[in-house]
Amino acid sequence: MQNVKRSMGMLCAIAMFVCLLFVPVQKAEAATAGMTTLKVNKTYTSYDITGDGKKDTIKITPQKVKGEYTSLVISVNGKKTTLKGHYYSVTTKLITLSNGKKYLWVRGQSDNNDDPFQALYKYSSGKMKKALDFSSKIKNFGKHPGTIVTEVSGNKIYVEQFLMSAPLGSVGFNYTYEYKSGSFSRTSSTASIKYVSCLNGGYGTLKKSKILYTSSSCTKKYKTLAKSTKVKPLKIYMNGTTISVYVKTKSGSTGWLKCSRSFSNGTLLKECYYAG
């Protein structure tokens, strides 16, 4: 009886082994996330921009009208996409996410550092189509928005954005965009402030007394800051129609100041001004 059981066990083990031979192997390899600069007027044949695993022929050509750049032609395997916009110089980089998705970041520079493109483009059905408009979340809070992609890691894109904002004048801040469930979304509406041009990393002076709130939504009052209080802006919140700035006073108090999107109300701080 023991021999029978042993034989049955061996037969089952052999059957399982045979079945495993016919199960397809699933590779769990992730792509290497990163950025590669593509120079204009140069033909590339070593990169996959379509995402099909095959090397493509890529050429990016600036177009001039009467000495001024007015468009950018992106050719992929002979199929052309024309991006309209005035600019003096352009930066183009191939972006790869760890999930294998491929994008082209296009940044143009013109007067006031304006960027007519400011987006990621993805190849689809023979055209480069806009997959992420970096200005969409910030353009309603000021003028001359701009974006620089600083890092790509995993399925996240880290950017430094800048804006001529109503409360602070020229301000730079850092946001992160993540690819999830088929599209990009911003990981937070709150960004750390990289710089406020008029302050050089220091404190500014409140033009008038302001209520300090406990959260970015500015619904719960913490205290009132008197006119001429010295504050340092550390974070900025922009979502929907709400813009607020997280500050630290010289005495150590911290909280959020509710701000206006209107330039007619002037800047939050005496030192700040508008340009461009």
# chains A, B, ... in the order shown; residues from 1 in each chain; ligands from 1
>>> residues_around(residues="stretch 243-250 of chain A", least_positions_apart="4", cutoff="10 Å", atoms="only C-alpha atoms", output="PyMOL selection string")
chain A and resi 138+140-141+165-168+189-193+203-205+212-218+225+229-239+254-261+268
>>> select_by_dssp(residues="stretch 106-258 of chain A", states="helix (DSSP H, G or I)", output="CSV table (one decimal) with C-alpha atoms, in the first residue's frame")
chain,number,residue,atom,x,y,z
A,111,ASP,CA,10.1,86.9,-24.6
A,112,ASN,CA,9.6,86.9,-20.8
A,113,ASN,CA,10.8,83.3,-20.8
A,134,PHE,CA,2.2,71.5,-17.6
A,135,SER,CA,0.6,74.9,-17.6
A,136,SER,CA,-3.0,73.7,-17.1
A,137,LYS,CA,-2.8,73.7,-13.3
A,139,LYS,CA,-1.9,79.4,-15.8
A,140,ASN,CA,-5.0,80.7,-14.1
A,141,PHE,CA,-2.9,82.0,-11.1
>>> closest_residue(among="A:Gly142, A:Ala33, A:Ser75, A:Gln118", to="A:Ser264", atoms="only C-alpha atoms")
A:Gly142
>>> closest_atom_pairs(of="stretch 62-94 of chain A", to="stretch 35-39 of chain A", cutoff="12 Å", atoms="only C-alpha atoms", output="CSV")
residue,atom,partner,partner_atom,distance
A:Pro62,CA,A:Lys39,CA,10.6
A:Ile74,CA,A:Leu38,CA,11.0
A:Ser89,CA,A:Lys39,CA,11.4
A:Val90,CA,A:Lys39,CA,9.2
A:Thr91,CA,A:Lys39,CA,7.7
A:Thr92,CA,A:Leu38,CA,5.6
A:Lys93,CA,A:Thr37,CA,4.3
A:Leu94,CA,A:Thr36,CA,5.0
>>> write_last_selection(atoms="N, CA and C atoms", output="PDB file, in the first residue's frame")
ATOM      1  N   PRO A  62      13.275  72.988 -36.431  1.00  0.00           N
ATOM      2  CA  PRO A  62      12.663  74.305 -36.244  1.00  0.00           C
ATOM      3  C   PRO A  62      12.350  74.946 -37.597  1.00  0.00           C
ATOM      4  N   ILE A  74       8.146  67.735 -35.943  1.00  0.00           N
ATOM      5  CA  ILE A  74       8.654  66.494 -35.368  1.00  0.00           C
ATOM      6  C   ILE A  74       8.331  65.370 -36.348  1.00  0.00           C
ATOM      7  N   SER A  89      14.584  79.707 -28.875  1.00  0.00           N
ATOM      8  CA  SER A  89      15.337  78.465 -28.758  1.00  0.00           C
ATOM      9  C   SER A  89      14.393  77.374 -28.267  1.00  0.00           C
ATOM     10  N   VAL A  90      14.806  76.118 -28.452  1.00  0.00           N
ATOM     11  CA  VAL A  90      13.936  75.012 -28.072  1.00  0.00           C
ATOM     12  C   VAL A  90      14.771  73.871 -27.486  1.00  0.00           C
ATOM     13  N   THR A  91      14.203  73.201 -26.493  1.00  0.00           N
ATOM     14  CA  THR A  91      14.801  72.021 -25.880  1.00  0.00           C
ATOM     15  C   THR A  91      13.848  70.853 -26.070  1.00  0.00           C
ATOM     16  N   THR A  92      14.356  69.726 -26.539  1.00  0.00           N
ATOM     17  CA  THR A  92      13.516  68.537 -26.700  1.00  0.00           C
ATOM     18  C   THR A  92      14.223  67.345 -26.059  1.00  0.00           C
ATOM     19  N   LYS A  93      13.484  66.603 -25.241  1.00  0.00           N
ATOM     20  CA  LYS A  93      14.064  65.440 -24.569  1.00  0.00           C
ATOM     21  C   LYS A  93      13.107  64.260 -24.615  1.00  0.00           C
ATOM     22  N   LEU A  94      13.665  63.101 -24.909  1.00  0.00           N
ATOM     23  CA  LEU A  94      12.905  61.859 -24.901  1.00  0.00           C
ATOM     24  C   LEU A  94      12.827  61.365 -23.466  1.00  0.00           C
TER      25      LEU A  94
END
>>> residues_around(residues="A:Val159", least_positions_apart="5", cutoff="7 Å", atoms="only C-alpha atoms", output="PyMOL selection string")
chain A and resi 147-150+174-176
>>> select_by_dssp(residues="stretch 6-254 of chain A", states="strand (DSSP E or B)", output="VMD selection string")
chain A and resid 34 to 37 43 to 47 56 to 65 68 to 76 79 to 87 89 to 96 102 to 109 119 to 124 127 to 133 142 to 153 156 to 165 169 to 180 183 to 186 190 to 196 204 to 206 210 to 213 221 to 225 230 to 239 242 to 249 254
>>> closest_residue(among="A:Lys122, A:Lys130, A:Lys194, A:Lys79", to="A:Glu160", atoms="only C-alpha atoms")
A:Lys194
>>> atom_distance(atom1="atom CA of A:Phe263", atom2="atom CA of A:Ser185")
28.1 Å
>>> residues_around(residues="A:Lys84", least_positions_apart="2", cutoff="9 Å", atoms="only C-alpha atoms", output="NGL selection string")
:A and (70-73 or 82 or 86 or 116-117)
>>> write_last_selection(atoms="all heavy atoms", output="short mmCIF file (atom, residue, chain, number, x, y, z; two decimals), in the first residue's frame")
data_model
loop_
_atom_site.label_atom_id
_atom_site.label_comp_id
_atom_site.auth_asym_id
_atom_site.auth_seq_id
_atom_site.Cartn_x
_atom_site.Cartn_y
_atom_site.Cartn_z
N THR A 70 8.64 80.00 -35.92
CA THR A 70 7.19 80.05 -35.75
C THR A 70 6.55 78.69 -35.57
O THR A 70 5.36 78.59 -35.27
CB THR A 70 6.53 80.73 -36.97
OG1 THR A 70 6.91 80.02 -38.15
CG2 THR A 70 6.98 82.19 -37.07
N SER A 71 7.33 77.61 -35.77
CA SER A 71 6.78 76.27 -35.58
C SER A 71 7.92 75.27 -35.42
O SER A 71 9.10 75.60 -35.66
CB SER A 71 5.88 75.87 -36.75
OG SER A 71 6.61 75.84 -37.96
N LEU A 72 7.56 74.07 -35.02
CA LEU A 72 8.53 73.00 -34.82
C LEU A 72 7.96 71.73 -35.46
O LEU A 72 6.83 71.34 -35.15
CB LEU A 72 8.77 72.78 -33.33
CG LEU A 72 9.88 71.81 -32.93
CD1 LEU A 72 11.25 72.42 -33.25
CD2 LEU A 72 9.79 71.48 -31.44
N VAL A 73 8.72 71.11 -36.35
CA VAL A 73 8.27 69.90 -37.03
C VAL A 73 8.95 68.69 -36.40
O VAL A 73 10.18 68.62 -36.34
CB VAL A 73 8.56 69.95 -38.54
CG1 VAL A 73 8.18 68.63 -39.20
CG2 VAL A 73 7.80 71.10 -39.19
N THR A 82 3.41 69.11 -36.79
CA THR A 82 3.87 70.50 -36.69
C THR A 82 3.27 71.15 -35.45
O THR A 82 2.05 71.20 -35.28
CB THR A 82 3.47 71.31 -37.94
OG1 THR A 82 4.06 70.70 -39.10
CG2 THR A 82 3.95 72.74 -37.83
N HIS A 86 5.77 80.74 -31.33
CA HIS A 86 6.93 81.61 -31.53
C HIS A 86 7.94 81.36 -30.42
O HIS A 86 7.59 81.32 -29.24
CB HIS A 86 6.49 83.07 -31.53
CG HIS A 86 5.62 83.43 -32.70
ND1 HIS A 86 6.11 84.03 -33.84
CD2 HIS A 86 4.29 83.24 -32.91
CE1 HIS A 86 5.12 84.22 -34.70
NE2 HIS A 86 4.01 83.75 -34.16
N PRO A 116 5.86 78.43 -25.54
CA PRO A 116 4.65 78.18 -26.32
C PRO A 116 4.21 76.71 -26.32
O PRO A 116 3.10 76.40 -26.75
CB PRO A 116 5.04 78.62 -27.73
CG PRO A 116 6.52 78.38 -27.79
CD PRO A 116 7.02 78.70 -26.41
N PHE A 117 5.08 75.80 -25.88
CA PHE A 117 4.77 74.37 -25.92
C PHE A 117 4.48 73.82 -24.52
O PHE A 117 3.38 73.37 -24.24
CB PHE A 117 5.91 73.61 -26.58
CG PHE A 117 6.33 74.18 -27.90
CD1 PHE A 117 7.62 74.68 -28.09
CD2 PHE A 117 5.45 74.25 -28.95
CE1 PHE A 117 8.00 75.23 -29.30
CE2 PHE A 117 5.81 74.79 -30.18
CZ PHE A 117 7.10 75.29 -30.34
#
>>> closest_residue(among="A:Gly53, A:Gly266, A:Gly240, A:Gly276", to="A:Met164", atoms="only C-alpha atoms")
A:Gly276
>>> closest_residue(among="A:Lys223, A:Lys80, A:Arg186, A:Lys180", to="A:Ser125", atoms="only C-alpha atoms")
A:Lys80
>>> decode(residues="stretch 215-258 of chain A", atoms="N, CA and C atoms", output="PDB file, in the first residue's frame")
ATOM      1  N   SER A 215      -4.703  75.793   7.427  1.00  0.00           N
ATOM      2  CA  SER A 215      -4.583  74.899   6.275  1.00  0.00           C
ATOM      3  C   SER A 215      -4.630  75.689   4.974  1.00  0.00           C
ATOM      4  N   SER A 216      -4.235  75.030   3.884  1.00  0.00           N
ATOM      5  CA  SER A 216      -4.177  75.690   2.576  1.00  0.00           C
ATOM      6  C   SER A 216      -5.547  76.123   2.066  1.00  0.00           C
ATOM      7  N   SER A 217      -6.610  75.496   2.550  1.00  0.00           N
ATOM      8  CA  SER A 217      -7.962  75.876   2.131  1.00  0.00           C
ATOM      9  C   SER A 217      -8.415  77.178   2.781  1.00  0.00           C
ATOM     10  N   CYS A 218      -7.673  77.620   3.802  1.00  0.00           N
ATOM     11  CA  CYS A 218      -7.926  78.905   4.483  1.00  0.00           C
ATOM     12  C   CYS A 218      -9.351  79.013   5.022  1.00  0.00           C
ATOM     13  N   THR A 219      -9.747  78.010   5.785  1.00  0.00           N
ATOM     14  CA  THR A 219     -11.082  78.014   6.383  1.00  0.00           C
ATOM     15  C   THR A 219     -11.043  78.199   7.903  1.00  0.00           C
ATOM     16  N   LYS A 220      -9.949  77.780   8.532  1.00  0.00           N
ATOM     17  CA  LYS A 220      -9.852  77.887   9.989  1.00  0.00           C
ATOM     18  C   LYS A 220      -8.774  78.890  10.369  1.00  0.00           C
ATOM     19  N   LYS A 221      -9.217  79.957  11.051  1.00  0.00           N
ATOM     20  CA  LYS A 221      -8.306  81.034  11.432  1.00  0.00           C
ATOM     21  C   LYS A 221      -7.386  80.618  12.580  1.00  0.00           C
ATOM     22  N   TYR A 222      -6.124  80.987  12.464  1.00  0.00           N
ATOM     23  CA  TYR A 222      -5.144  80.712  13.524  1.00  0.00           C
ATOM     24  C   TYR A 222      -4.848  81.980  14.315  1.00  0.00           C
ATOM     25  N   LYS A 223      -4.473  83.046  13.600  1.00  0.00           N
ATOM     26  CA  LYS A 223      -4.192  84.329  14.245  1.00  0.00           C
ATOM     27  C   LYS A 223      -4.141  85.406  13.166  1.00  0.00           C
ATOM     28  N   THR A 224      -4.020  86.653  13.574  1.00  0.00           N
ATOM     29  CA  THR A 224      -3.892  87.756  12.627  1.00  0.00           C
ATOM     30  C   THR A 224      -2.479  88.306  12.688  1.00  0.00           C
ATOM     31  N   LEU A 225      -1.882  88.460  11.511  1.00  0.00           N
ATOM     32  CA  LEU A 225      -0.552  89.057  11.429  1.00  0.00           C
ATOM     33  C   LEU A 225      -0.702  90.544  11.127  1.00  0.00           C
ATOM     34  N   ALA A 226      -0.006  91.359  11.878  1.00  0.00           N
ATOM     35  CA  ALA A 226      -0.103  92.805  11.709  1.00  0.00           C
ATOM     36  C   ALA A 226       0.603  93.273  10.442  1.00  0.00           C
ATOM     37  N   LYS A 227       0.197  94.419   9.959  1.00  0.00           N
ATOM     38  CA  LYS A 227       0.877  95.062   8.840  1.00  0.00           C
ATOM     39  C   LYS A 227       2.367  95.201   9.162  1.00  0.00           C
ATOM     40  N   SER A 228       3.224  94.993   8.174  1.00  0.00           N
ATOM     41  CA  SER A 228       4.681  95.097   8.285  1.00  0.00           C
ATOM     42  C   SER A 228       5.344  93.904   8.982  1.00  0.00           C
ATOM     43  N   THR A 229       4.544  92.862   9.283  1.00  0.00           N
ATOM     44  CA  THR A 229       5.143  91.633   9.813  1.00  0.00           C
ATOM     45  C   THR A 229       6.083  91.038   8.777  1.00  0.00           C
ATOM     46  N   LYS A 230       7.245  90.557   9.221  1.00  0.00           N
ATOM     47  CA  LYS A 230       8.214  89.932   8.323  1.00  0.00           C
ATOM     48  C   LYS A 230       7.868  88.453   8.157  1.00  0.00           C
ATOM     49  N   VAL A 231       7.702  88.026   6.910  1.00  0.00           N
ATOM     50  CA  VAL A 231       7.352  86.623   6.638  1.00  0.00           C
ATOM     51  C   VAL A 231       8.217  86.073   5.514  1.00  0.00           C
ATOM     52  N   LYS A 232       8.435  84.751   5.563  1.00  0.00           N
ATOM     53  CA  LYS A 232       9.167  84.061   4.496  1.00  0.00           C
ATOM     54  C   LYS A 232       8.224  83.051   3.847  1.00  0.00           C
ATOM     55  N   PRO A 233       7.929  83.188   2.539  1.00  0.00           N
ATOM     56  CA  PRO A 233       7.074  82.219   1.838  1.00  0.00           C
ATOM     57  C   PRO A 233       7.823  80.893   1.648  1.00  0.00           C
ATOM     58  N   LEU A 234       7.197  79.780   2.053  1.00  0.00           N
ATOM     59  CA  LEU A 234       7.832  78.466   1.964  1.00  0.00           C
ATOM     60  C   LEU A 234       7.113  77.502   1.012  1.00  0.00           C
ATOM     61  N   LYS A 235       5.785  77.657   0.906  1.00  0.00           N
ATOM     62  CA  LYS A 235       5.002  76.771   0.048  1.00  0.00           C
ATOM     63  C   LYS A 235       3.918  77.586  -0.650  1.00  0.00           C
ATOM     64  N   ILE A 236       3.434  77.052  -1.753  1.00  0.00           N
ATOM     65  CA  ILE A 236       2.330  77.693  -2.454  1.00  0.00           C
ATOM     66  C   ILE A 236       1.302  76.625  -2.828  1.00  0.00           C
ATOM     67  N   TYR A 237       0.034  76.976  -2.719  1.00  0.00           N
ATOM     68  CA  TYR A 237      -1.077  76.070  -3.036  1.00  0.00           C
ATOM     69  C   TYR A 237      -1.883  76.680  -4.162  1.00  0.00           C
ATOM     70  N   MET A 238      -2.097  75.894  -5.228  1.00  0.00           N
ATOM     71  CA  MET A 238      -2.895  76.366  -6.359  1.00  0.00           C
ATOM     72  C   MET A 238      -3.808  75.241  -6.810  1.00  0.00           C
ATOM     73  N   ASN A 239      -5.100  75.449  -6.659  1.00  0.00           N
ATOM     74  CA  ASN A 239      -6.065  74.432  -7.074  1.00  0.00           C
ATOM     75  C   ASN A 239      -7.426  75.073  -7.296  1.00  0.00           C
ATOM     76  N   GLY A 240      -8.054  74.737  -8.429  1.00  0.00           N
ATOM     77  CA  GLY A 240      -9.353  75.331  -8.723  1.00  0.00           C
ATOM     78  C   GLY A 240      -9.222  76.832  -8.865  1.00  0.00           C
ATOM     79  N   THR A 241      -9.841  77.560  -7.953  1.00  0.00           N
ATOM     80  CA  THR A 241      -9.734  79.026  -7.960  1.00  0.00           C
ATOM     81  C   THR A 241      -8.998  79.541  -6.729  1.00  0.00           C
ATOM     82  N   THR A 242      -8.461  78.632  -5.932  1.00  0.00           N
ATOM     83  CA  THR A 242      -7.818  79.017  -4.671  1.00  0.00           C
ATOM     84  C   THR A 242      -6.307  79.054  -4.782  1.00  0.00           C
ATOM     85  N   ILE A 243      -5.723  80.157  -4.331  1.00  0.00           N
ATOM     86  CA  ILE A 243      -4.275  80.263  -4.215  1.00  0.00           C
ATOM     87  C   ILE A 243      -3.963  80.771  -2.807  1.00  0.00           C
ATOM     88  N   SER A 244      -3.047  80.081  -2.136  1.00  0.00           N
ATOM     89  CA  SER A 244      -2.635  80.498  -0.798  1.00  0.00           C
ATOM     90  C   SER A 244      -1.146  80.234  -0.640  1.00  0.00           C
ATOM     91  N   VAL A 245      -0.539  80.933   0.298  1.00  0.00           N
ATOM     92  CA  VAL A 245       0.910  80.849   0.509  1.00  0.00           C
ATOM     93  C   VAL A 245       1.194  80.517   1.967  1.00  0.00           C
ATOM     94  N   TYR A 246       2.025  79.501   2.169  1.00  0.00           N
ATOM     95  CA  TYR A 246       2.428  79.097   3.521  1.00  0.00           C
ATOM     96  C   TYR A 246       3.670  79.897   3.901  1.00  0.00           C
ATOM     97  N   VAL A 247       3.601  80.571   5.037  1.00  0.00           N
ATOM     98  CA  VAL A 247       4.696  81.455   5.451  1.00  0.00           C
ATOM     99  C   VAL A 247       5.173  81.137   6.868  1.00  0.00           C
ATOM    100  N   LYS A 248       6.371  81.604   7.128  1.00  0.00           N
ATOM    101  CA  LYS A 248       6.932  81.552   8.480  1.00  0.00           C
ATOM    102  C   LYS A 248       7.325  82.962   8.870  1.00  0.00           C
ATOM    103  N   THR A 249       6.880  83.405  10.034  1.00  0.00           N
ATOM    104  CA  THR A 249       7.242  84.742  10.502  1.00  0.00           C
ATOM    105  C   THR A 249       8.599  84.691  11.204  1.00  0.00           C
ATOM    106  N   LYS A 250       9.210  85.837  11.388  1.00  0.00           N
ATOM    107  CA  LYS A 250      10.502  85.890  12.080  1.00  0.00           C
ATOM    108  C   LYS A 250      10.378  85.447  13.527  1.00  0.00           C
ATOM    109  N   SER A 251       9.173  85.561  14.084  1.00  0.00           N
ATOM    110  CA  SER A 251       8.959  85.130  15.471  1.00  0.00           C
ATOM    111  C   SER A 251       8.685  83.634  15.572  1.00  0.00           C
ATOM    112  N   GLY A 252       8.539  82.968  14.414  1.00  0.00           N
ATOM    113  CA  GLY A 252       8.381  81.517  14.418  1.00  0.00           C
ATOM    114  C   GLY A 252       6.990  80.994  14.128  1.00  0.00           C
ATOM    115  N   SER A 253       6.013  81.868  13.958  1.00  0.00           N
ATOM    116  CA  SER A 253       4.659  81.410  13.637  1.00  0.00           C
ATOM    117  C   SER A 253       4.606  80.930  12.182  1.00  0.00           C
ATOM    118  N   THR A 254       3.811  79.904  11.940  1.00  0.00           N
ATOM    119  CA  THR A 254       3.648  79.397  10.574  1.00  0.00           C
ATOM    120  C   THR A 254       2.167  79.222  10.258  1.00  0.00           C
ATOM    121  N   GLY A 255       1.818  79.330   9.008  1.00  0.00           N
ATOM    122  CA  GLY A 255       0.433  79.149   8.594  1.00  0.00           C
ATOM    123  C   GLY A 255       0.242  79.616   7.165  1.00  0.00           C
ATOM    124  N   TRP A 256      -1.014  79.584   6.725  1.00  0.00           N
ATOM    125  CA  TRP A 256      -1.361  79.902   5.335  1.00  0.00           C
ATOM    126  C   TRP A 256      -2.021  81.266   5.213  1.00  0.00           C
ATOM    127  N   LEU A 257      -1.632  82.016   4.198  1.00  0.00           N
ATOM    128  CA  LEU A 257      -2.246  83.306   3.891  1.00  0.00           C
ATOM    129  C   LEU A 257      -3.085  83.161   2.624  1.00  0.00           C
ATOM    130  N   LYS A 258      -4.346  83.540   2.713  1.00  0.00           N
ATOM    131  CA  LYS A 258      -5.218  83.493   1.543  1.00  0.00           C
ATOM    132  C   LYS A 258      -4.851  84.628   0.607  1.00  0.00           C
TER     133      LYS A 258
END
